[in-house]
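Input: a single structure, listed below in structure tokens.
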Amino acid sequence: LTLIIASRPNVYSGSPLDRAAEKRDDAGWIEAALADPDTLFVPLWRARNLVRAAEGGRPEAVYISGEAAAVLRMSGSGPWAFLGLLAGRPVFAIDISHVDDPLPLLPEALGEFADLRVVGGGGMDRAEASILAHARGIMHWRLKHRFCGVCGARCEPRSAGYTAVCTGCETQHFPRTDPAVIMLVHRGGRSLLGHSQRFPHANMYSTLAGFVEPGETLEEAVRREVMEETRVRVGQVNYHSSQPWPFPASIMLGFYAEALTDEVTLDPHELQDARWFSRGDLRDHERLGFTLPRPDSIARRLIEDWLAAER
Ligand SMILES: [Zn+2]
């Protein structure tokens with residue numbers, strides 16, 4: 001049995017923020033922080049983050065403070081949440097999706113609203129990418145859980161945006177993160193990668209993945225998903241690492257899964273193709289005419305660490 005250890009941290013991890021959760025229920029402190037001209041705001045607009053091109057075209061996060069922040073806060077009733085302290089400075093996420101054209105609200109040409117999935121893996125500083133991911137995730141929850149799932153009444157935010165309390169039945173709702181397992185299935189020096197019609201590239205092959213269902217362990221979810229998608233039976237399952245994946249609300253839990261069988265029978269609703277690849281095939285993927293998953297994904301990390309573990 002070979003254990004493969006994560007070689008380096010995943011993109012969207014490693015936030016420099018102190019979440020300072022004890023401040024969330026200190027209404028006086030939060031109110032003062034919101035009004036402080038030094039406080040930083042991470043604006044979200046229709047699930048997009050504000051970024052600009054730094055030196056060399058590298059994407060860089062744009063934080064709003066001072067007068068610009070005051071203008072943003074006065075722009076309406078978008079949700080906000082306290083993210084934490086960045087070297088002692090309070091940082092909030094603020095959503096301005098209700099504004100049709102947000103850039104004129106900002107006094108200078110500060111950047112543009114972009115999809116973090118597009119810019120986050122493109123050389124953005126990992127600490128910044130993790131703050132933008134945090135902001136995007138909590139704002140998504142706030143926007144999509146405005147009504148109570150118990151009685152249907154409207155919810156009101158509490159705890160600086162981390163709790164929603166129902167105005168009807170007083171049920172408390174908390175931010176959701178949906179666990180998903182993602183696994184590199186291997187057997188005898190080969191790994192099983194699949195191609196789905198949902199992938200962005202027609203010739204991309206990646207690790208299998210799926211959501212954890214109620215009443216199962218992570219290991220059981222790994223075995224079930226592999227069985228459902230390919231009919232391959234999995235034995236030993238070993239944890240590798242995890243990755244926040246707020247696109248919109250997941251955490252990816254990465255595993256190596258040792259296959260006990262190798263005959264593949266596809267579920268055509270899930271996968272268009274799945275094949276066993278040798279390490280040589282994967283290293284040679286360009287010449288062989290297929291692509292691997294994006295560099296910021298845990299799927300790519302699972303593949304790269306498996307390639308490096310050859311012995
Ligand atoms: Zn309710």
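Here, A, B, ... name the chains of the structure tokens in the order displayed, residue numbers run from 1 inside each chain, and ligands are numbered from 1 in the same displayed order.
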
Check: Could you name the residues that touch A:Ser196 at 12 Å or less, counting only C-alpha atoms, but leaving out those on the same chain fewer than 6 positions away, as a PyMOL selection string?
Finding: chain A and resi 202-209+229+266-274+293

Next, dump the selected residues to file, keeping only all heavy atoms, as a short mmCIF file (atom, residue, chain, number, x, y, z; two decimals), in the first residue's frame.
```cif
data_model
loop_
_atom_site.label_atom_id
_atom_site.label_comp_id
_atom_site.auth_asym_id
_atom_site.auth_seq_id
_atom_site.Cartn_x
_atom_site.Cartn_y
_atom_site.Cartn_z
N ALA A 202 -13.41 19.36 -24.98
CA ALA A 202 -13.91 18.12 -25.59
C ALA A 202 -12.96 16.95 -25.39
O ALA A 202 -13.37 15.80 -25.46
CB ALA A 202 -14.17 18.36 -27.08
N ASN A 203 -11.67 17.23 -25.16
CA ASN A 203 -10.72 16.13 -25.04
C ASN A 203 -10.03 16.11 -23.68
O ASN A 203 -8.90 15.67 -23.54
CB ASN A 203 -9.67 16.22 -26.16
CG ASN A 203 -8.98 17.56 -26.16
OD1 ASN A 203 -9.38 18.47 -25.42
ND2 ASN A 203 -7.95 17.71 -26.97
N MET A 204 -10.74 16.61 -22.65
CA MET A 204 -10.18 16.63 -21.30
C MET A 204 -10.56 15.36 -20.54
O MET A 204 -11.71 14.94 -20.56
CB MET A 204 -10.68 17.86 -20.55
CG MET A 204 -10.12 17.99 -19.15
SD MET A 204 -10.80 19.47 -18.34
CE MET A 204 -11.43 18.74 -16.85
N TYR A 205 -9.57 14.78 -19.86
CA TYR A 205 -9.80 13.62 -19.00
C TYR A 205 -9.44 13.99 -17.57
O TYR A 205 -8.41 14.63 -17.33
CB TYR A 205 -9.00 12.42 -19.48
CG TYR A 205 -9.67 11.75 -20.65
CD1 TYR A 205 -9.56 12.31 -21.93
CD2 TYR A 205 -10.45 10.62 -20.48
CE1 TYR A 205 -10.22 11.73 -23.01
CE2 TYR A 205 -11.10 10.03 -21.55
CZ TYR A 205 -10.98 10.59 -22.81
OH TYR A 205 -11.64 10.01 -23.87
N SER A 206 -10.30 13.60 -16.63
CA SER A 206 -10.09 14.00 -15.24
C SER A 206 -10.49 12.88 -14.29
O SER A 206 -11.07 11.87 -14.71
CB SER A 206 -10.90 15.27 -14.94
OG SER A 206 -10.61 15.74 -13.63
N THR A 207 -10.20 13.10 -13.02
CA THR A 207 -10.56 12.14 -11.98
C THR A 207 -12.08 12.09 -11.82
O THR A 207 -12.77 13.06 -12.12
CB THR A 207 -9.92 12.55 -10.65
OG1 THR A 207 -10.25 13.92 -10.41
CG2 THR A 207 -8.41 12.43 -10.70
N LEU A 208 -12.58 10.99 -11.31
CA LEU A 208 -14.02 10.87 -11.06
C LEU A 208 -14.38 11.65 -9.80
O LEU A 208 -13.53 11.86 -8.92
CB LEU A 208 -14.40 9.40 -10.90
CG LEU A 208 -13.95 8.47 -12.03
CD1 LEU A 208 -14.48 7.05 -11.78
CD2 LEU A 208 -14.41 8.97 -13.39
N ALA A 209 -15.63 12.07 -9.69
CA ALA A 209 -16.05 12.88 -8.54
C ALA A 209 -17.55 12.78 -8.37
O ALA A 209 -18.27 12.41 -9.31
CB ALA A 209 -15.65 14.33 -8.75
N GLU A 229 -20.44 5.13 -11.90
CA GLU A 229 -20.00 5.74 -13.16
C GLU A 229 -19.29 4.76 -14.08
O GLU A 229 -19.34 4.91 -15.29
CB GLU A 229 -19.10 6.95 -12.87
CG GLU A 229 -19.86 8.07 -12.16
CD GLU A 229 -19.06 9.34 -11.98
OE1 GLU A 229 -17.89 9.38 -12.44
OE2 GLU A 229 -19.58 10.28 -11.38
N LEU A 266 -19.54 2.04 -18.77
CA LEU A 266 -19.88 3.44 -18.51
C LEU A 266 -21.35 3.63 -18.18
O LEU A 266 -22.21 2.95 -18.75
CB LEU A 266 -19.58 4.28 -19.75
CG LEU A 266 -18.11 4.46 -20.10
CD1 LEU A 266 -18.01 5.24 -21.40
CD2 LEU A 266 -17.38 5.20 -18.99
N ASP A 267 -21.62 4.58 -17.29
CA ASP A 267 -22.96 5.12 -17.17
C ASP A 267 -23.03 6.33 -18.11
O ASP A 267 -22.44 7.37 -17.83
CB ASP A 267 -23.23 5.58 -15.73
CG ASP A 267 -24.56 6.31 -15.60
OD1 ASP A 267 -25.23 6.54 -16.64
OD2 ASP A 267 -24.93 6.67 -14.47
N PRO A 268 -23.74 6.20 -19.24
CA PRO A 268 -23.70 7.26 -20.25
C PRO A 268 -24.29 8.59 -19.77
O PRO A 268 -24.04 9.62 -20.37
CB PRO A 268 -24.52 6.68 -21.41
CG PRO A 268 -25.34 5.60 -20.81
CD PRO A 268 -24.60 5.08 -19.61
N HIS A 269 -25.07 8.55 -18.68
CA HIS A 269 -25.59 9.82 -18.16
C HIS A 269 -24.51 10.59 -17.41
O HIS A 269 -24.62 11.80 -17.22
CB HIS A 269 -26.78 9.57 -17.22
CG HIS A 269 -27.92 8.89 -17.90
ND1 HIS A 269 -28.66 9.49 -18.89
CD2 HIS A 269 -28.42 7.63 -17.75
CE1 HIS A 269 -29.58 8.65 -19.33
NE2 HIS A 269 -29.45 7.52 -18.65
N GLU A 270 -23.49 9.88 -16.92
CA GLU A 270 -22.44 10.52 -16.13
C GLU A 270 -21.19 10.80 -16.97
O GLU A 270 -20.57 11.84 -16.83
CB GLU A 270 -22.05 9.62 -14.94
CG GLU A 270 -23.15 9.46 -13.92
CD GLU A 270 -23.30 10.68 -13.03
OE1 GLU A 270 -22.35 11.49 -12.96
OE2 GLU A 270 -24.37 10.83 -12.41
N LEU A 271 -20.79 9.82 -17.75
CA LEU A 271 -19.50 9.91 -18.46
C LEU A 271 -19.68 9.52 -19.92
O LEU A 271 -20.43 8.60 -20.25
CB LEU A 271 -18.48 8.95 -17.82
CG LEU A 271 -17.93 9.31 -16.45
CD1 LEU A 271 -17.01 8.19 -15.97
CD2 LEU A 271 -17.20 10.64 -16.46
N GLN A 272 -18.93 10.22 -20.77
CA GLN A 272 -18.90 9.87 -22.18
C GLN A 272 -17.83 8.80 -22.44
O GLN A 272 -17.94 8.02 -23.36
CB GLN A 272 -18.56 11.11 -22.99
CG GLN A 272 -19.46 11.34 -24.18
CD GLN A 272 -19.31 12.73 -24.72
OE1 GLN A 272 -18.28 13.38 -24.54
NE2 GLN A 272 -20.34 13.21 -25.39
N ASP A 273 -16.79 8.84 -21.60
CA ASP A 273 -15.68 7.91 -21.78
C ASP A 273 -14.93 7.79 -20.46
O ASP A 273 -14.94 8.72 -19.65
CB ASP A 273 -14.74 8.44 -22.88
CG ASP A 273 -13.69 7.40 -23.27
OD1 ASP A 273 -13.92 6.20 -23.05
OD2 ASP A 273 -12.64 7.80 -23.81
N ALA A 274 -14.29 6.66 -20.25
CA ALA A 274 -13.36 6.49 -19.13
C ALA A 274 -12.34 5.46 -19.57
O ALA A 274 -12.69 4.45 -20.20
CB ALA A 274 -14.08 6.03 -17.88
N PRO A 293 -7.02 18.25 -16.26
CA PRO A 293 -7.80 19.32 -15.64
C PRO A 293 -6.96 20.56 -15.31
O PRO A 293 -5.75 20.50 -15.23
CB PRO A 293 -8.37 18.67 -14.38
CG PRO A 293 -7.67 17.39 -14.21
CD PRO A 293 -7.10 16.99 -15.51
#
```

Near stretch 68-80 of chain A, counting only C-alpha atoms, which residues have an atom at most 6 Å away, once you skip same-chain residues fewer than 6 positions from it, shown as an mmCIF file with C-alpha atoms, in the first residue's frame?
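The resulting file, result_10.cif, is shown below:
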```cif
data_model
loop_
_atom_site.group_PDB
_atom_site.id
_atom_site.type_symbol
_atom_site.label_atom_id
_atom_site.label_comp_id
_atom_site.auth_asym_id
_atom_site.auth_seq_id
_atom_site.Cartn_x
_atom_site.Cartn_y
_atom_site.Cartn_z
ATOM 1 C CA ALA A 93 -17.709 40.898 1.762
ATOM 2 C CA ILE A 94 -20.469 43.022 0.236
ATOM 3 C CA ASP A 95 -22.794 41.969 -2.560
ATOM 4 C CA ILE A 96 -23.972 44.564 -5.082
ATOM 5 C CA LEU A 106 -16.614 53.111 -7.809
#
```

Checklist line | Expected answer as number ranges by chain: alpha helix (DSSP H) residues in stretch 7-170 of chain A | finding: A: 27-35, 66-73, 116-119, 126-144

Give me a file of those residues, with N, CA and C atoms, as a tab-separated table (two decimals), in the first residue's frame.
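For reference, part00.tsv as written:
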```tsv
chain	number	residue	atom	x	y	z
A	27	ALA	N	-22.18	43.51	18.15
A	27	ALA	CA	-22.82	44.41	17.19
A	27	ALA	C	-22.16	45.79	17.17
A	28	GLY	N	-21.72	46.27	18.35
A	28	GLY	CA	-21.07	47.58	18.41
A	28	GLY	C	-19.75	47.58	17.64
A	29	TRP	N	-18.99	46.52	17.82
A	29	TRP	CA	-17.69	46.42	17.12
A	29	TRP	C	-17.91	46.33	15.61
A	30	ILE	N	-18.88	45.50	15.20
A	30	ILE	CA	-19.15	45.33	13.76
A	30	ILE	C	-19.61	46.66	13.16
A	31	GLU	N	-20.50	47.38	13.85
A	31	GLU	CA	-21.00	48.66	13.32
A	31	GLU	C	-19.85	49.65	13.15
A	32	ALA	N	-18.95	49.70	14.17
A	32	ALA	CA	-17.81	50.61	14.08
A	32	ALA	C	-16.87	50.20	12.94
A	33	ALA	N	-16.69	48.89	12.77
A	33	ALA	CA	-15.79	48.42	11.70
A	33	ALA	C	-16.36	48.75	10.33
A	34	LEU	N	-17.69	48.60	10.19
A	34	LEU	CA	-18.32	48.92	8.90
A	34	LEU	C	-18.12	50.38	8.53
A	35	ALA	N	-18.10	51.26	9.55
A	35	ALA	CA	-18.00	52.70	9.30
A	35	ALA	C	-16.55	53.18	9.22
A	66	GLY	N	-12.47	53.30	2.37
A	66	GLY	CA	-12.70	54.75	2.40
A	66	GLY	C	-14.00	55.17	1.74
A	67	GLU	N	-13.92	56.25	0.96
A	67	GLU	CA	-15.13	56.82	0.36
A	67	GLU	C	-15.80	55.86	-0.59
A	68	ALA	N	-14.98	55.16	-1.36
A	68	ALA	CA	-15.56	54.21	-2.31
A	68	ALA	C	-16.39	53.16	-1.58
A	69	ALA	N	-15.89	52.72	-0.42
A	69	ALA	CA	-16.63	51.73	0.36
A	69	ALA	C	-17.94	52.32	0.87
A	70	ALA	N	-17.89	53.59	1.29
A	70	ALA	CA	-19.12	54.24	1.77
A	70	ALA	C	-20.15	54.30	0.65
A	71	VAL	N	-19.70	54.62	-0.57
A	71	VAL	CA	-20.62	54.67	-1.71
A	71	VAL	C	-21.23	53.29	-1.96
A	72	LEU	N	-20.37	52.26	-1.92
A	72	LEU	CA	-20.87	50.90	-2.13
A	72	LEU	C	-21.93	50.54	-1.10
A	73	ARG	N	-21.66	50.86	0.17
A	73	ARG	CA	-22.59	50.50	1.23
A	73	ARG	C	-23.90	51.25	1.10
A	116	LEU	N	-14.03	34.05	-10.60
A	116	LEU	CA	-12.83	33.55	-9.91
A	116	LEU	C	-12.36	32.22	-10.50
A	117	ARG	N	-13.27	31.42	-11.03
A	117	ARG	CA	-12.86	30.15	-11.63
A	117	ARG	C	-11.95	30.38	-12.84
A	118	VAL	N	-12.12	31.55	-13.48
A	118	VAL	CA	-11.30	31.85	-14.64
A	118	VAL	C	-9.97	32.47	-14.22
A	119	VAL	N	-10.01	33.41	-13.25
A	119	VAL	CA	-8.78	34.14	-12.90
A	119	VAL	C	-8.03	33.51	-11.73
A	126	ARG	N	-2.07	33.11	-3.90
A	126	ARG	CA	-2.94	32.10	-3.30
A	126	ARG	C	-3.73	32.66	-2.12
A	127	ALA	N	-3.08	33.54	-1.32
A	127	ALA	CA	-3.78	34.15	-0.18
A	127	ALA	C	-4.95	34.99	-0.67
A	128	GLU	N	-4.73	35.77	-1.72
A	128	GLU	CA	-5.82	36.59	-2.27
A	128	GLU	C	-6.93	35.73	-2.83
A	129	ALA	N	-6.54	34.69	-3.56
A	129	ALA	CA	-7.55	33.81	-4.15
A	129	ALA	C	-8.42	33.19	-3.06
A	130	SER	N	-7.81	32.86	-1.91
A	130	SER	CA	-8.59	32.24	-0.84
A	130	SER	C	-9.56	33.24	-0.22
A	131	ILE	N	-9.17	34.51	-0.11
A	131	ILE	CA	-10.09	35.53	0.42
A	131	ILE	C	-11.26	35.73	-0.55
A	132	LEU	N	-10.97	35.80	-1.84
A	132	LEU	CA	-12.04	35.99	-2.82
A	132	LEU	C	-12.99	34.79	-2.83
A	133	ALA	N	-12.43	33.59	-2.65
A	133	ALA	CA	-13.27	32.39	-2.62
A	133	ALA	C	-14.18	32.40	-1.39
A	134	HIS	N	-13.62	32.79	-0.25
A	134	HIS	CA	-14.40	32.91	1.00
A	134	HIS	C	-15.57	33.89	0.78
A	135	ALA	N	-15.25	35.07	0.22
A	135	ALA	CA	-16.28	36.10	-0.01
A	135	ALA	C	-17.36	35.58	-0.96
A	136	ARG	N	-16.92	34.93	-2.03
A	136	ARG	CA	-17.88	34.43	-3.00
A	136	ARG	C	-18.79	33.37	-2.37
A	137	GLY	N	-18.21	32.48	-1.57
A	137	GLY	CA	-18.99	31.41	-0.96
A	137	GLY	C	-20.04	31.93	0.01
A	138	ILE	N	-19.64	32.85	0.89
A	138	ILE	CA	-20.60	33.31	1.90
A	138	ILE	C	-21.69	34.18	1.25
A	139	MET	N	-21.34	34.95	0.23
A	139	MET	CA	-22.37	35.76	-0.44
A	139	MET	C	-23.33	34.88	-1.23
A	140	HIS	N	-22.83	33.80	-1.81
A	140	HIS	CA	-23.72	32.88	-2.52
A	140	HIS	C	-24.77	32.32	-1.55
A	141	TRP	N	-24.29	31.90	-0.36
A	141	TRP	CA	-25.24	31.36	0.62
A	141	TRP	C	-26.29	32.41	0.99
A	142	ARG	N	-25.83	33.63	1.26
A	142	ARG	CA	-26.77	34.69	1.67
A	142	ARG	C	-27.83	34.94	0.59
A	143	LEU	N	-27.39	34.95	-0.67
A	143	LEU	CA	-28.33	35.27	-1.76
A	143	LEU	C	-29.30	34.12	-2.03
A	144	LYS	N	-28.85	32.87	-1.80
A	144	LYS	CA	-29.68	31.73	-2.17
A	144	LYS	C	-30.49	31.18	-1.00
```

Margin query: Counting only C-alpha atoms and all ligand atoms, what are the residues, protein, DNA or RNA alike, that approach ligand 1 to within 12 Å? I want them as a PyMOL selection string.
Written below: chain A and resi 145-156+164-173

Residues from the last selection, N, CA, C and O atoms, saved as a compact mmCIF listing (two decimals), in the first residue's frame:
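See out-v3.txt below for the written result:
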```txt
# COMPACT_ATOMS: atom_id res chain seq x y z
N HIS A 145 -30.31 31.72 0.19
CA HIS A 145 -31.06 31.22 1.35
C HIS A 145 -31.75 32.37 2.06
O HIS A 145 -31.57 32.58 3.25
N ARG A 146 -32.54 33.13 1.29
CA ARG A 146 -33.20 34.30 1.88
C ARG A 146 -34.50 33.91 2.57
O ARG A 146 -35.06 34.69 3.32
N PHE A 147 -34.99 32.70 2.29
CA PHE A 147 -36.26 32.27 2.88
C PHE A 147 -36.05 30.97 3.65
O PHE A 147 -35.17 30.17 3.33
N CYS A 148 -36.88 30.79 4.65
CA CYS A 148 -36.74 29.65 5.56
C CYS A 148 -37.17 28.36 4.86
O CYS A 148 -38.25 28.29 4.27
N GLY A 149 -36.33 27.32 4.97
CA GLY A 149 -36.67 26.02 4.41
C GLY A 149 -37.69 25.24 5.24
O GLY A 149 -38.21 24.23 4.80
N VAL A 150 -37.98 25.73 6.46
CA VAL A 150 -38.96 25.07 7.32
C VAL A 150 -40.36 25.61 7.05
O VAL A 150 -41.29 24.85 6.79
N CYS A 151 -40.51 26.95 7.08
CA CYS A 151 -41.86 27.53 6.98
C CYS A 151 -42.02 28.47 5.80
O CYS A 151 -43.13 28.93 5.52
N GLY A 152 -40.93 28.82 5.12
CA GLY A 152 -41.06 29.66 3.93
C GLY A 152 -41.03 31.15 4.18
O GLY A 152 -41.05 31.93 3.23
N ALA A 153 -40.99 31.57 5.46
CA ALA A 153 -40.95 33.01 5.74
C ALA A 153 -39.55 33.58 5.44
O ALA A 153 -38.59 32.84 5.24
N ARG A 154 -39.46 34.89 5.41
CA ARG A 154 -38.20 35.53 5.11
C ARG A 154 -37.21 35.36 6.27
O ARG A 154 -37.62 35.31 7.43
N CYS A 155 -35.92 35.27 5.95
CA CYS A 155 -34.89 35.17 6.98
C CYS A 155 -34.18 36.51 7.11
O CYS A 155 -34.08 37.27 6.16
N GLU A 156 -33.69 36.76 8.31
CA GLU A 156 -32.89 37.96 8.56
C GLU A 156 -31.50 37.54 9.01
O GLU A 156 -31.35 36.58 9.75
N ALA A 164 -28.70 32.98 9.48
CA ALA A 164 -29.95 33.54 8.99
C ALA A 164 -31.04 33.04 9.92
O ALA A 164 -31.17 31.83 10.14
N VAL A 165 -31.79 33.98 10.50
CA VAL A 165 -32.84 33.60 11.45
C VAL A 165 -34.19 33.86 10.80
O VAL A 165 -34.43 34.93 10.25
N CYS A 166 -35.07 32.86 10.87
CA CYS A 166 -36.38 32.98 10.23
C CYS A 166 -37.26 33.95 11.00
O CYS A 166 -37.39 33.85 12.23
N THR A 167 -37.90 34.89 10.27
CA THR A 167 -38.79 35.86 10.90
C THR A 167 -40.13 35.21 11.27
O THR A 167 -40.90 35.80 12.01
N GLY A 168 -40.40 34.00 10.76
CA GLY A 168 -41.64 33.32 11.09
C GLY A 168 -41.47 32.36 12.26
O GLY A 168 -42.02 32.57 13.35
N CYS A 169 -40.65 31.32 12.07
CA CYS A 169 -40.54 30.26 13.09
C CYS A 169 -39.25 30.34 13.90
O CYS A 169 -39.02 29.49 14.77
N GLU A 170 -38.40 31.33 13.62
CA GLU A 170 -37.16 31.57 14.39
C GLU A 170 -36.11 30.47 14.25
O GLU A 170 -35.15 30.43 15.01
N THR A 171 -36.29 29.59 13.28
CA THR A 171 -35.23 28.60 13.01
C THR A 171 -33.96 29.34 12.59
O THR A 171 -34.02 30.32 11.85
N GLN A 172 -32.81 28.85 13.10
CA GLN A 172 -31.53 29.41 12.68
C GLN A 172 -30.97 28.57 11.54
O GLN A 172 -30.95 27.35 11.61
N HIS A 173 -30.51 29.25 10.50
CA HIS A 173 -29.86 28.58 9.37
C HIS A 173 -28.41 29.02 9.30
O HIS A 173 -28.10 30.18 9.56
```

Margin query: Calculated over only C-alpha atoms, which of the candidates A:Val11, A:Met227, A:Ile182, A:Val232 has the smallest distance to A:Val212?
Written below: A:Ile182

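Residue neighbourhood of A:Thr261, excluding near-sequence residues (fewer than 4 positions): A:Arg187, A:Arg231, A:Val232, A:Arg233, A:Val234, A:Gly235, at 10 Å, using only C-alpha atoms.
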
Note to self: Can you pull out the residues contacting A:Gly57? Cut-off 12 Å, using only C-alpha atoms, and skip same-chain residues under 5 positions away; I want them as number ranges by chain.
What the structure shows: A: 51-52, 119, 122-124

Taking the DSSP secondary structure from the backbone, can you list the residues of stretch 4-181 of chain A that are strand (DSSP E or B), as a compact mmCIF listing (two decimals) with N, CA and C atoms, in the first residue's frame?
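Generated file (result-v3.txt):
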```
# COMPACT_ATOMS: atom_id res chain seq x y z
N ASP A 18 -7.62 36.18 9.89
CA ASP A 18 -8.07 35.69 11.18
C ASP A 18 -9.59 35.86 11.17
N LEU A 40 -11.62 47.17 4.89
CA LEU A 40 -11.57 46.70 3.50
C LEU A 40 -12.85 45.94 3.15
N PHE A 41 -13.34 46.19 1.94
CA PHE A 41 -14.52 45.47 1.45
C PHE A 41 -14.15 44.68 0.20
N VAL A 42 -14.64 43.45 0.16
CA VAL A 42 -14.47 42.60 -1.03
C VAL A 42 -15.80 42.60 -1.75
N PRO A 43 -15.92 43.34 -2.85
CA PRO A 43 -17.22 43.40 -3.52
C PRO A 43 -17.49 42.16 -4.37
N LEU A 44 -18.75 41.73 -4.36
CA LEU A 44 -19.22 40.63 -5.20
C LEU A 44 -20.33 41.16 -6.07
N TRP A 45 -20.29 40.86 -7.32
CA TRP A 45 -21.36 41.27 -8.23
C TRP A 45 -21.73 40.08 -9.09
N ARG A 48 -19.35 37.39 -9.26
CA ARG A 48 -18.03 37.75 -9.78
C ARG A 48 -17.28 38.61 -8.79
N ASN A 49 -15.96 38.44 -8.76
CA ASN A 49 -15.09 39.21 -7.87
C ASN A 49 -14.42 40.34 -8.64
N LEU A 50 -14.08 41.41 -7.90
CA LEU A 50 -13.41 42.55 -8.52
C LEU A 50 -11.90 42.28 -8.57
N VAL A 51 -11.35 42.32 -9.77
CA VAL A 51 -9.91 42.07 -9.97
C VAL A 51 -9.36 43.07 -10.96
N ARG A 52 -8.06 43.21 -10.95
CA ARG A 52 -7.40 44.00 -11.98
C ARG A 52 -6.11 43.28 -12.38
N ALA A 53 -5.53 43.73 -13.48
CA ALA A 53 -4.29 43.13 -13.94
C ALA A 53 -3.13 43.83 -13.24
N PRO A 59 -3.56 38.41 -12.45
CA PRO A 59 -4.75 38.96 -11.82
C PRO A 59 -4.54 39.22 -10.33
N GLU A 60 -5.10 40.33 -9.87
CA GLU A 60 -4.90 40.77 -8.48
C GLU A 60 -6.25 41.17 -7.92
N ALA A 61 -6.50 40.82 -6.66
CA ALA A 61 -7.76 41.20 -6.01
C ALA A 61 -7.80 42.71 -5.77
N ILE A 64 -11.95 47.42 -1.58
CA ILE A 64 -12.49 48.77 -1.57
C ILE A 64 -12.44 49.30 -0.13
N TRP A 80 -24.14 41.56 3.23
CA TRP A 80 -22.72 41.67 3.54
C TRP A 80 -22.40 40.66 4.63
N ALA A 81 -21.12 40.40 4.83
CA ALA A 81 -20.68 39.51 5.91
C ALA A 81 -19.27 39.89 6.32
N PHE A 82 -18.99 39.70 7.59
CA PHE A 82 -17.64 39.94 8.12
C PHE A 82 -16.77 38.73 7.82
N LEU A 83 -15.69 38.95 7.09
CA LEU A 83 -14.81 37.82 6.72
C LEU A 83 -13.73 37.57 7.76
N GLY A 84 -13.22 38.67 8.38
CA GLY A 84 -12.16 38.49 9.37
C GLY A 84 -11.22 39.67 9.38
N LEU A 85 -10.05 39.46 9.97
CA LEU A 85 -9.06 40.52 10.12
C LEU A 85 -7.85 40.19 9.25
N LEU A 86 -7.43 41.16 8.44
CA LEU A 86 -6.24 41.02 7.61
C LEU A 86 -5.18 41.92 8.21
N ARG A 89 -6.78 44.62 10.12
CA ARG A 89 -7.83 45.42 9.47
C ARG A 89 -9.06 44.56 9.20
N PRO A 90 -10.23 45.07 9.58
CA PRO A 90 -11.45 44.30 9.30
C PRO A 90 -11.68 44.17 7.79
N VAL A 91 -12.15 43.00 7.38
CA VAL A 91 -12.46 42.75 5.97
C VAL A 91 -13.90 42.22 5.90
N PHE A 92 -14.70 42.83 5.03
CA PHE A 92 -16.08 42.40 4.82
C PHE A 92 -16.27 42.03 3.36
N ALA A 93 -17.20 41.11 3.12
CA ALA A 93 -17.71 40.90 1.76
C ALA A 93 -18.99 41.69 1.63
N ILE A 94 -19.22 42.29 0.47
CA ILE A 94 -20.47 43.02 0.24
C ILE A 94 -20.95 42.68 -1.16
N ASP A 95 -22.25 42.36 -1.26
CA ASP A 95 -22.79 41.97 -2.56
C ASP A 95 -23.58 43.12 -3.17
N GLU A 112 -12.22 45.08 -12.96
CA GLU A 112 -13.43 44.54 -13.57
C GLU A 112 -13.90 43.35 -12.75
N PHE A 113 -15.19 43.05 -12.89
CA PHE A 113 -15.74 41.89 -12.19
C PHE A 113 -15.53 40.66 -13.05
N ALA A 114 -14.85 39.67 -12.46
CA ALA A 114 -14.48 38.48 -13.22
C ALA A 114 -14.83 37.23 -12.43
N PHE A 147 -34.99 32.70 2.29
CA PHE A 147 -36.26 32.27 2.88
C PHE A 147 -36.05 30.97 3.65
N ARG A 154 -39.46 34.89 5.41
CA ARG A 154 -38.20 35.53 5.11
C ARG A 154 -37.21 35.36 6.27
N CYS A 155 -35.92 35.27 5.95
CA CYS A 155 -34.89 35.17 6.98
C CYS A 155 -34.18 36.51 7.11
N GLU A 156 -33.69 36.76 8.31
CA GLU A 156 -32.89 37.96 8.56
C GLU A 156 -31.50 37.54 9.01
N PRO A 157 -30.48 38.31 8.55
CA PRO A 157 -29.11 37.94 8.94
C PRO A 157 -28.82 38.26 10.39
N ARG A 158 -27.98 37.41 11.00
CA ARG A 158 -27.44 37.64 12.34
C ARG A 158 -25.95 37.29 12.28
N THR A 163 -25.32 33.79 10.14
CA THR A 163 -26.52 33.07 10.55
C THR A 163 -27.70 33.76 9.87
N ALA A 164 -28.70 32.98 9.48
CA ALA A 164 -29.95 33.54 8.99
C ALA A 164 -31.04 33.04 9.92
N VAL A 165 -31.79 33.98 10.50
CA VAL A 165 -32.84 33.60 11.45
C VAL A 165 -34.19 33.86 10.80
N CYS A 166 -35.07 32.86 10.87
CA CYS A 166 -36.38 32.98 10.23
C CYS A 166 -37.26 33.95 11.00
N GLN A 172 -32.81 28.85 13.10
CA GLN A 172 -31.53 29.41 12.68
C GLN A 172 -30.97 28.57 11.54
N HIS A 173 -30.51 29.25 10.50
CA HIS A 173 -29.86 28.58 9.37
C HIS A 173 -28.41 29.02 9.30
N ASP A 178 -21.22 21.92 0.79
CA ASP A 178 -21.61 20.58 0.35
C ASP A 178 -20.38 19.73 0.06
N PRO A 179 -20.19 18.62 0.80
CA PRO A 179 -19.00 17.80 0.56
C PRO A 179 -19.11 17.00 -0.74
N ALA A 180 -18.02 17.03 -1.48
CA ALA A 180 -17.93 16.23 -2.70
C ALA A 180 -16.62 15.45 -2.66
N VAL A 181 -16.67 14.18 -3.03
CA VAL A 181 -15.44 13.38 -3.09
C VAL A 181 -14.91 13.41 -4.51
```

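We find atom CA of A:Ser13 and atom CA of A:Pro244 to be spaced 6.7 Å apart.
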
Margin query: Which residues are near A:Leu307? Cut-off 9 Å, only C-alpha atoms, ignore same chain within fewer than 3 positions. Put them as a ChimeraX atom specification.
Written below: /A:279-280,282-283,302-304,310

Checklist line | Among the residues A:Ile4, A:Ala21, A:Val62, A:Leu192, the one that comes closest to A:Gly111 [using only C-alpha atoms] | finding: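 Using only C-alpha atoms, the shortest distance to A:Gly111 belongs to A:Val62.
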